[in-house]
Amino acid sequence: MRSLRKTIAGGALTLLATVLLGGLLSATLVRMAPGFSADERELDPHLNAQSVQALREAKQRDHNIVRFYFSYMNRALHGDLGTSLALGQPVRTLLRDRAPLTLRLLSTGLALAWILSLTLALTSAWLRLSIFDALTTIVSGTFLCIPAAVLALLSVLWNVPGSLAIALIVFPRSYRYASNLLMKAYSRPHIVAARSRGLGEARILFWHVVPVVAPQLLAVAGVSVSVAVGAAIPVEALCGLPGIGQLAWQAALARDLPLLVNITILVTLVTLLANSGADAMGQVVRGEEA
Amino acid sequence: MRSESMNLGRKLACAVLVLVLAASAAANWLAPAGYARQYRDATGAPPSRAHWLGTDEIGRDRFARVLYGTRISLLLAPAAAFLSTLMAAFIGGLAGYLGGAWARIAMAVTDLFLSLPWLFLLITARALMPLNVSPLVSVLVTFLLLGLLGWTTAARVLCTTAASLRSSDFVRQARAVGLPGQRLFWIHVVPNLKPVLYAQFWISIPVFILSEANLGILGLGVAEPMPSWGSLLKELEGMVSVGEEPWKFVPLILLVVVVTSFQLLLSRQEEIAA
C-alpha cells in the first residue's frame with residue numbers, strides 16, 4: 001500500500017514537473033515564434049494614436065519573460081492555450097475537435113495489437129514448437145524493421161483502416177515482451193508440475209500465470225500507449241485522418257510552434273498518465289498476489 | 001544448435017552489411033552520373049539496361065539514388081549514434097558515478113524526455129529549425145537532431161551501470177588509496193562502461209535509420225535533391241497498387257534487410273551488455 005502511494009505521488013510529481021517545464025518551454029517558443037512582437041490591430045485605421053499606444057504598452061508588458069510566463073500559465077490553466085499561427089483558430093478548439101478520432105484510432109489499434117500479441121504469445125507458450133516460435137519471431141521482427149510511416153502508406157495502398165497500421169506498429173514490441181514473459185512464466189517449476197498433473201490450461205493460465213505476468217504486462221501496456229501515440233503522426237498524416245497526429249504534422253510543416261508545443265505537452269501528459277496508471281495497477285496486482 | 005544458427009545469422013548479417021556498405025561506397029563508380037542528373041526523355045521509366053531500377057517521376061536514375069541514399073543513411077546514422085552514445089556516457093555515466101542529487105536530477109530529466117513519444121519530440125525539435133535550408137544542411141540537421149535527442153535510453157542504462165561500478169570493491173579500494181575522483185572516473189569507471197557503450201551504439205543505429213526514414217516520408221527530413229532512405233520511400237506515397245511498379249519497393253526491401261542485419265548483430269551486443 002505504501003509503495004502504491006509512493007508510485008502515485010511520484011507520478012503526480014512527474015506530471016506537475018511536465019506541466020511546469022512544458023509551460024515554460026511553450027511560453028519561450030511562443031515568444032521566439034515569428035511575428036510575436038507584431039500586432040496586426042495596430043494597422044487598423046479606425047484606431048487613434050492613443051489606442052495604438054495602449055496596444056504597444058500592453059505588448060511591452062509581455063516582453064518581461066517572467067510576467068509573460070505566469071500570464072501564459074494562468075491562461076493555460078483556464079483553458080486558453082493560445083491561437084494557432086497557421087490555422088488561425090484557438091488551439092483548444094482544434095484539439096477538442098480532433099481528439100475523438102485519435103482516441104478511437106489509438107484504442108482500436110492498441111486493442112488489436114494486444115489481442116494479436118497475447119494470442120500469438122500464448123499459443124507459442126502452449127505449443128512450444130520451435131517452428132512456430134521462429135515464424136512469429138520472423139514476422140514480428142520484420143514489422144519491427146519497417147518504418148511506421150511505410151506501414152501507414154501500405155495501409156492506404158491496401159485500403160485497410162489506419163487502426164490496423166497502428167496495431168502492426170505496436171504489435172512487434174508488445175509481442176516480444178509478452179512472449180518472453182509468458183515463456184518464463186510457463187517454465188516455472190510449479191506450472192510445469194501443474195501441467196504434468198493434467199490441470200486444465202485455462203485454470204493454469206488464470207490461477208498461476210496471469211498473477212505472475214500481469215504487473216510486467218501492465219507496464220508494457222503503458223509503454224505501448226506511448227508507441228501508439230507516436231505512430232498516430234504518420235498514420236493520420238498519410239492516411240488523411242483529421243486527428244491530433246495530423247494536426248501535429250501540419251503544425252510542424254508550418255512551424256506553428258504554439259500549436260505544436262501544446263500538442264506535445266498534451267501527448268506527454270497522456271503517455272505519463274498511461275504509464276503511471278499502468279504502474280499503479282501493477283502495484284495493486286502485486287499487492288493482491290503478496 | 002540454436003546458438004549455431006544464431007552465429008550463422010550474424011555472419012550473414014555481417015556479410016550483408018559489408019556488401020551494402022561496399023556498394024554504397026562505390027556509388028561514384030557504379031553510378032557516375034550522380035543522383036541528381038535528370039533523364040528528361042525517360043521520366044518515370046521502368047527498369048532497363050540503362051536504368052536498373054527505372055527512373056523517378058522527374059527522370060532521375062533510381063538505382064543511383066538508392067546507392068547515394070544508402071551511403072548517406074549508413075554514414076550518418078552511425079555518426080548520430082556515436083554522438084548520442086557520447087552524450088549518454090557523459091550524462092548517464094557521470095550521474096551514476098557521482099550519485100546522490102546529481103543522479104536524481106539527471107534521471108528526472110531523462111525520464112521527462114523518455115515520456116515524450118519519440119516522433120513527437122523529433123518533429124517538434126525539427127520544426128524549431130528552419131525547413132527551407134540547403135540539402136546538405138538538412139542532412140546535417142536531421143542526423144544531428146537524432147544524435148542530440150536519442151541519448152535518453154542509453155543514459156538510463158549507463159547511469160545504472162556506473163552506479164553499480166561506484167559501489168564495487170575495486171572502485172572503493174582505489175578511492176581508499178587516495179586516487180582522485182577524476183582519475184578514478186577515467187581510469188576505472190569509463191573502461192568498464194565500454195561494453196555497454198558499444199551495445200548502446202549498435203542499438204541506436206537501426207533506431208536512427210528508421211527515424212530518418214519516418215521523418216523523410218513526412219517531409220521533415222533530408223531535403224531534395226539529396227537522396228536518403230526517407231526521401232526514397234516517399235515515392236511509395238503516390239502508388240495506386242503494389243503490383244503497379246514493384247521496383248519502387250527496392251529501397252524498402254533494402255532498408256528492411258539492413259535494419260534486420262543490424263538487429264541480428266545487436267542481439268550479440270545485447271548479450272555482451274547483459
# chains A, B, ... in the order shown; residues from 1 in each chain; ligands from 1
$ interface_residues --of "chain A" --to "chain B" --cutoff "9 Å" --atoms "only C-alpha atoms" --output "mmCIF file with N, CA, C and O atoms, in the first residue's frame"
data_model
loop_
_atom_site.group_PDB
_atom_site.id
_atom_site.type_symbol
_atom_site.label_atom_id
_atom_site.label_comp_id
_atom_site.auth_asym_id
_atom_site.auth_seq_id
_atom_site.Cartn_x
_atom_site.Cartn_y
_atom_site.Cartn_z
ATOM 1 N N THR A 14 5.815 13.934 -11.339
ATOM 2 C CA THR A 14 6.315 13.977 -12.728
ATOM 3 C C THR A 14 5.352 14.766 -13.608
ATOM 4 O O THR A 14 5.775 15.563 -14.451
ATOM 5 N N ALA A 17 5.773 18.412 -12.858
ATOM 6 C CA ALA A 17 7.027 18.906 -13.445
ATOM 7 C C ALA A 17 6.879 19.067 -14.952
ATOM 8 O O ALA A 17 7.359 20.045 -15.542
ATOM 9 N N THR A 18 6.179 18.108 -15.583
ATOM 10 C CA THR A 18 5.984 18.184 -17.038
ATOM 11 C C THR A 18 5.177 19.415 -17.413
ATOM 12 O O THR A 18 5.519 20.129 -18.363
ATOM 13 N N LEU A 29 8.892 29.312 -26.577
ATOM 14 C CA LEU A 29 8.792 29.116 -28.022
ATOM 15 C C LEU A 29 7.805 30.092 -28.663
ATOM 16 O O LEU A 29 8.026 30.563 -29.763
ATOM 17 N N GLY A 141 9.705 -9.509 -36.065
ATOM 18 C CA GLY A 141 10.983 -8.844 -36.372
ATOM 19 C C GLY A 141 10.901 -8.037 -37.653
ATOM 20 O O GLY A 141 11.447 -6.937 -37.736
ATOM 21 N N THR A 142 10.193 -8.570 -38.652
ATOM 22 C CA THR A 142 10.053 -7.846 -39.924
ATOM 23 C C THR A 142 9.269 -6.550 -39.715
ATOM 24 O O THR A 142 9.648 -5.498 -40.211
ATOM 25 N N PHE A 143 8.162 -6.656 -38.967
ATOM 26 C CA PHE A 143 7.376 -5.439 -38.712
ATOM 27 C C PHE A 143 8.180 -4.412 -37.921
ATOM 28 O O PHE A 143 8.004 -3.211 -38.101
ATOM 29 N N LEU A 144 9.077 -4.901 -37.062
ATOM 30 C CA LEU A 144 9.919 -4.005 -36.261
ATOM 31 C C LEU A 144 10.897 -3.229 -37.148
ATOM 32 O O LEU A 144 11.329 -2.135 -36.795
ATOM 33 N N CYS A 145 11.238 -3.824 -38.298
ATOM 34 C CA CYS A 145 12.231 -3.202 -39.186
ATOM 35 C C CYS A 145 11.592 -2.327 -40.269
ATOM 36 O O CYS A 145 12.303 -1.795 -41.116
ATOM 37 N N ILE A 146 10.274 -2.229 -40.264
ATOM 38 C CA ILE A 146 9.609 -1.378 -41.264
ATOM 39 C C ILE A 146 9.242 -0.044 -40.601
ATOM 40 O O ILE A 146 8.623 -0.048 -39.531
ATOM 41 N N PRO A 147 9.632 1.081 -41.206
ATOM 42 C CA PRO A 147 9.265 2.366 -40.602
ATOM 43 C C PRO A 147 7.748 2.508 -40.457
ATOM 44 O O PRO A 147 6.995 2.045 -41.329
ATOM 45 N N ALA A 148 7.333 3.157 -39.373
ATOM 46 C CA ALA A 148 5.894 3.340 -39.109
ATOM 47 C C ALA A 148 5.206 4.034 -40.283
ATOM 48 O O ALA A 148 4.081 3.680 -40.656
ATOM 49 N N ALA A 149 5.918 5.002 -40.891
ATOM 50 C CA ALA A 149 5.309 5.748 -41.996
ATOM 51 C C ALA A 149 5.071 4.842 -43.207
ATOM 52 O O ALA A 149 4.102 5.032 -43.945
ATOM 53 N N VAL A 150 5.944 3.851 -43.408
ATOM 54 C CA VAL A 150 5.746 2.927 -44.544
ATOM 55 C C VAL A 150 4.515 2.052 -44.284
ATOM 56 O O VAL A 150 3.710 1.815 -45.190
ATOM 57 N N LEU A 153 1.632 4.063 -45.168
ATOM 58 C CA LEU A 153 1.463 4.149 -46.628
ATOM 59 C C LEU A 153 0.869 2.861 -47.190
ATOM 60 O O LEU A 153 0.006 2.883 -48.066
ATOM 61 N N LEU A 154 1.365 1.726 -46.660
ATOM 62 C CA LEU A 154 0.853 0.431 -47.142
ATOM 63 C C LEU A 154 -0.619 0.257 -46.775
ATOM 64 O O LEU A 154 -1.383 -0.344 -47.529
ATOM 65 N N VAL A 156 -2.776 2.587 -46.691
ATOM 66 C CA VAL A 156 -3.532 3.367 -47.693
ATOM 67 C C VAL A 156 -3.593 2.583 -48.998
ATOM 68 O O VAL A 156 -4.643 2.466 -49.631
ATOM 69 N N LEU A 157 -2.443 1.999 -49.362
ATOM 70 C CA LEU A 157 -2.338 1.256 -50.612
ATOM 71 C C LEU A 157 -3.280 0.053 -50.642
ATOM 72 O O LEU A 157 -3.918 -0.238 -51.659
ATOM 73 N N TRP A 158 -3.365 -0.636 -49.509
ATOM 74 C CA TRP A 158 -4.227 -1.821 -49.442
ATOM 75 C C TRP A 158 -5.640 -1.512 -48.936
ATOM 76 O O TRP A 158 -6.424 -2.421 -48.679
ATOM 77 N N SER A 226 2.504 4.894 -25.433
ATOM 78 C CA SER A 226 3.438 5.890 -25.951
ATOM 79 C C SER A 226 3.814 5.581 -27.409
ATOM 80 O O SER A 226 3.877 6.479 -28.255
ATOM 81 N N VAL A 227 4.046 4.292 -27.692
ATOM 82 C CA VAL A 227 4.396 3.877 -29.067
ATOM 83 C C VAL A 227 3.237 4.199 -30.017
ATOM 84 O O VAL A 227 3.437 4.748 -31.109
ATOM 85 N N ALA A 228 2.013 3.883 -29.559
ATOM 86 C CA ALA A 228 0.836 4.108 -30.409
ATOM 87 C C ALA A 228 0.627 5.596 -30.667
ATOM 88 O O ALA A 228 0.294 6.000 -31.788
ATOM 89 N N VAL A 229 0.827 6.407 -29.627
ATOM 90 C CA VAL A 229 0.641 7.859 -29.792
ATOM 91 C C VAL A 229 1.653 8.393 -30.809
ATOM 92 O O VAL A 229 1.312 9.208 -31.677
ATOM 93 N N GLY A 230 2.899 7.920 -30.713
ATOM 94 C CA GLY A 230 3.928 8.332 -31.677
ATOM 95 C C GLY A 230 3.556 7.905 -33.088
ATOM 96 O O GLY A 230 3.762 8.652 -34.050
ATOM 97 N N ALA A 231 2.966 6.708 -33.195
ATOM 98 C CA ALA A 231 2.593 6.179 -34.518
ATOM 99 C C ALA A 231 1.412 6.937 -35.123
ATOM 100 O O ALA A 231 1.195 6.885 -36.335
ATOM 101 N N ILE A 233 1.107 9.992 -35.613
ATOM 102 C CA ILE A 233 1.513 11.077 -36.535
ATOM 103 C C ILE A 233 1.584 10.569 -37.970
ATOM 104 O O ILE A 233 0.867 11.074 -38.841
ATOM 105 N N PRO A 234 2.436 9.549 -38.274
ATOM 106 C CA PRO A 234 2.478 9.123 -39.678
ATOM 107 C C PRO A 234 1.168 8.536 -40.155
ATOM 108 O O PRO A 234 0.774 8.755 -41.316
ATOM 109 N N ALA A 237 -1.323 11.401 -40.675
ATOM 110 C CA ALA A 237 -0.851 12.316 -41.723
ATOM 111 C C ALA A 237 -0.960 11.668 -43.101
ATOM 112 O O ALA A 237 -1.408 12.303 -44.054
ATOM 113 N N LEU A 238 -0.567 10.408 -43.205
ATOM 114 C CA LEU A 238 -0.513 9.771 -44.529
ATOM 115 C C LEU A 238 -1.833 9.122 -44.930
ATOM 116 O O LEU A 238 -2.080 8.903 -46.110
ATOM 117 N N GLY A 245 -2.635 13.691 -34.432
ATOM 118 C CA GLY A 245 -1.370 13.370 -35.088
ATOM 119 C C GLY A 245 -1.195 14.183 -36.367
ATOM 120 O O GLY A 245 -0.128 14.740 -36.630
ATOM 121 N N ALA A 248 -0.467 17.754 -35.503
ATOM 122 C CA ALA A 248 0.936 17.949 -35.102
ATOM 123 C C ALA A 248 1.831 18.020 -36.339
ATOM 124 O O ALA A 248 2.742 18.843 -36.408
ATOM 125 N N TRP A 249 1.550 17.166 -37.296
ATOM 126 C CA TRP A 249 2.342 17.142 -38.535
ATOM 127 C C TRP A 249 2.186 18.459 -39.304
ATOM 128 O O TRP A 249 3.164 19.055 -39.747
ATOM 129 N N ALA A 251 1.302 21.276 -38.038
ATOM 130 C CA ALA A 251 1.934 22.338 -37.245
ATOM 131 C C ALA A 251 3.445 22.329 -37.456
ATOM 132 O O ALA A 251 4.067 23.386 -37.543
ATOM 133 N N ALA A 252 4.032 21.131 -37.569
ATOM 134 C CA ALA A 252 5.484 21.031 -37.770
ATOM 135 C C ALA A 252 5.856 21.581 -39.145
ATOM 136 O O ALA A 252 6.841 22.298 -39.284
ATOM 137 N N LEU A 253 5.065 21.239 -40.157
ATOM 138 C CA LEU A 253 5.366 21.713 -41.517
ATOM 139 C C LEU A 253 5.223 23.229 -41.630
ATOM 140 O O LEU A 253 5.966 23.874 -42.368
ATOM 141 N N ALA A 254 4.243 23.775 -40.867
ATOM 142 C CA ALA A 254 4.017 25.221 -40.939
ATOM 143 C C ALA A 254 4.822 25.959 -39.875
ATOM 144 O O ALA A 254 4.706 27.172 -39.762
ATOM 145 N N ARG A 255 5.617 25.248 -39.098
ATOM 146 C CA ARG A 255 6.392 25.798 -37.972
ATOM 147 C C ARG A 255 5.473 26.598 -37.044
ATOM 148 O O ARG A 255 5.803 27.683 -36.583
ATOM 149 N N ASP A 256 4.300 25.999 -36.775
ATOM 150 C CA ASP A 256 3.323 26.627 -35.883
ATOM 151 C C ASP A 256 3.664 26.191 -34.452
ATOM 152 O O ASP A 256 3.088 25.244 -33.902
ATOM 153 N N LEU A 257 4.615 26.898 -33.854
ATOM 154 C CA LEU A 257 5.155 26.444 -32.574
ATOM 155 C C LEU A 257 4.142 26.443 -31.425
ATOM 156 O O LEU A 257 4.111 25.478 -30.652
ATOM 157 N N LEU A 260 2.135 23.291 -31.893
ATOM 158 C CA LEU A 260 2.938 22.068 -31.790
ATOM 159 C C LEU A 260 3.357 21.777 -30.353
ATOM 160 O O LEU A 260 3.270 20.638 -29.868
ATOM 161 N N VAL A 261 3.782 22.815 -29.650
ATOM 162 C CA VAL A 261 4.232 22.597 -28.263
ATOM 163 C C VAL A 261 3.060 22.204 -27.375
ATOM 164 O O VAL A 261 3.181 21.315 -26.528
ATOM 165 N N ILE A 263 0.403 20.587 -28.288
ATOM 166 C CA ILE A 263 0.062 19.193 -28.606
ATOM 167 C C ILE A 263 1.070 18.266 -27.926
ATOM 168 O O ILE A 263 0.704 17.251 -27.335
ATOM 169 N N THR A 264 2.358 18.637 -28.010
ATOM 170 C CA THR A 264 3.391 17.771 -27.438
ATOM 171 C C THR A 264 3.201 17.632 -25.918
ATOM 172 O O THR A 264 3.338 16.532 -25.376
ATOM 173 N N ILE A 265 2.870 18.746 -25.265
ATOM 174 C CA ILE A 265 2.652 18.668 -23.804
ATOM 175 C C ILE A 265 1.447 17.772 -23.499
ATOM 176 O O ILE A 265 1.492 16.923 -22.611
ATOM 177 N N VAL A 267 0.220 15.369 -25.300
ATOM 178 C CA VAL A 267 0.557 13.974 -25.595
ATOM 179 C C VAL A 267 1.453 13.394 -24.490
ATOM 180 O O VAL A 267 1.274 12.258 -24.050
ATOM 181 N N THR A 268 2.380 14.222 -24.017
ATOM 182 C CA THR A 268 3.255 13.768 -22.934
ATOM 183 C C THR A 268 2.435 13.465 -21.683
ATOM 184 O O THR A 268 2.666 12.463 -21.000
ATOM 185 N N LEU A 269 1.481 14.343 -21.384
ATOM 186 C CA LEU A 269 0.634 14.108 -20.217
ATOM 187 C C LEU A 269 -0.143 12.801 -20.357
ATOM 188 O O LEU A 269 -0.251 12.031 -19.400
ATOM 189 N N THR A 271 0.667 10.138 -22.150
ATOM 190 C CA THR A 271 1.554 8.970 -22.013
ATOM 191 C C THR A 271 2.023 8.801 -20.568
ATOM 192 O O THR A 271 2.121 7.681 -20.063
ATOM 193 N N LEU A 272 2.274 9.938 -19.884
ATOM 194 C CA LEU A 272 2.669 9.836 -18.477
ATOM 195 C C LEU A 272 1.539 9.251 -17.642
ATOM 196 O O LEU A 272 1.771 8.409 -16.764
ATOM 197 N N ASN A 275 1.355 5.537 -18.309
ATOM 198 C CA ASN A 275 2.441 4.807 -17.651
ATOM 199 C C ASN A 275 2.236 4.751 -16.146
ATOM 200 O O ASN A 275 2.413 3.696 -15.530
#
$ atom_distance --atom1 "CA of Ser71 (chain A)" --atom2 "CA of Ala9 (chain A)"
27.5 Å
$ closest_residue --among "B:Gly96, B:Val189, B:Ala45, B:Val222" --to "Arg175 (chain B)" --atoms "only C-alpha atoms"
B:Val189
$ atom_distance --atom1 "CA of Leu105 (chain A)" --atom2 "CA of Gly162 (chain A)"
7.1 Å
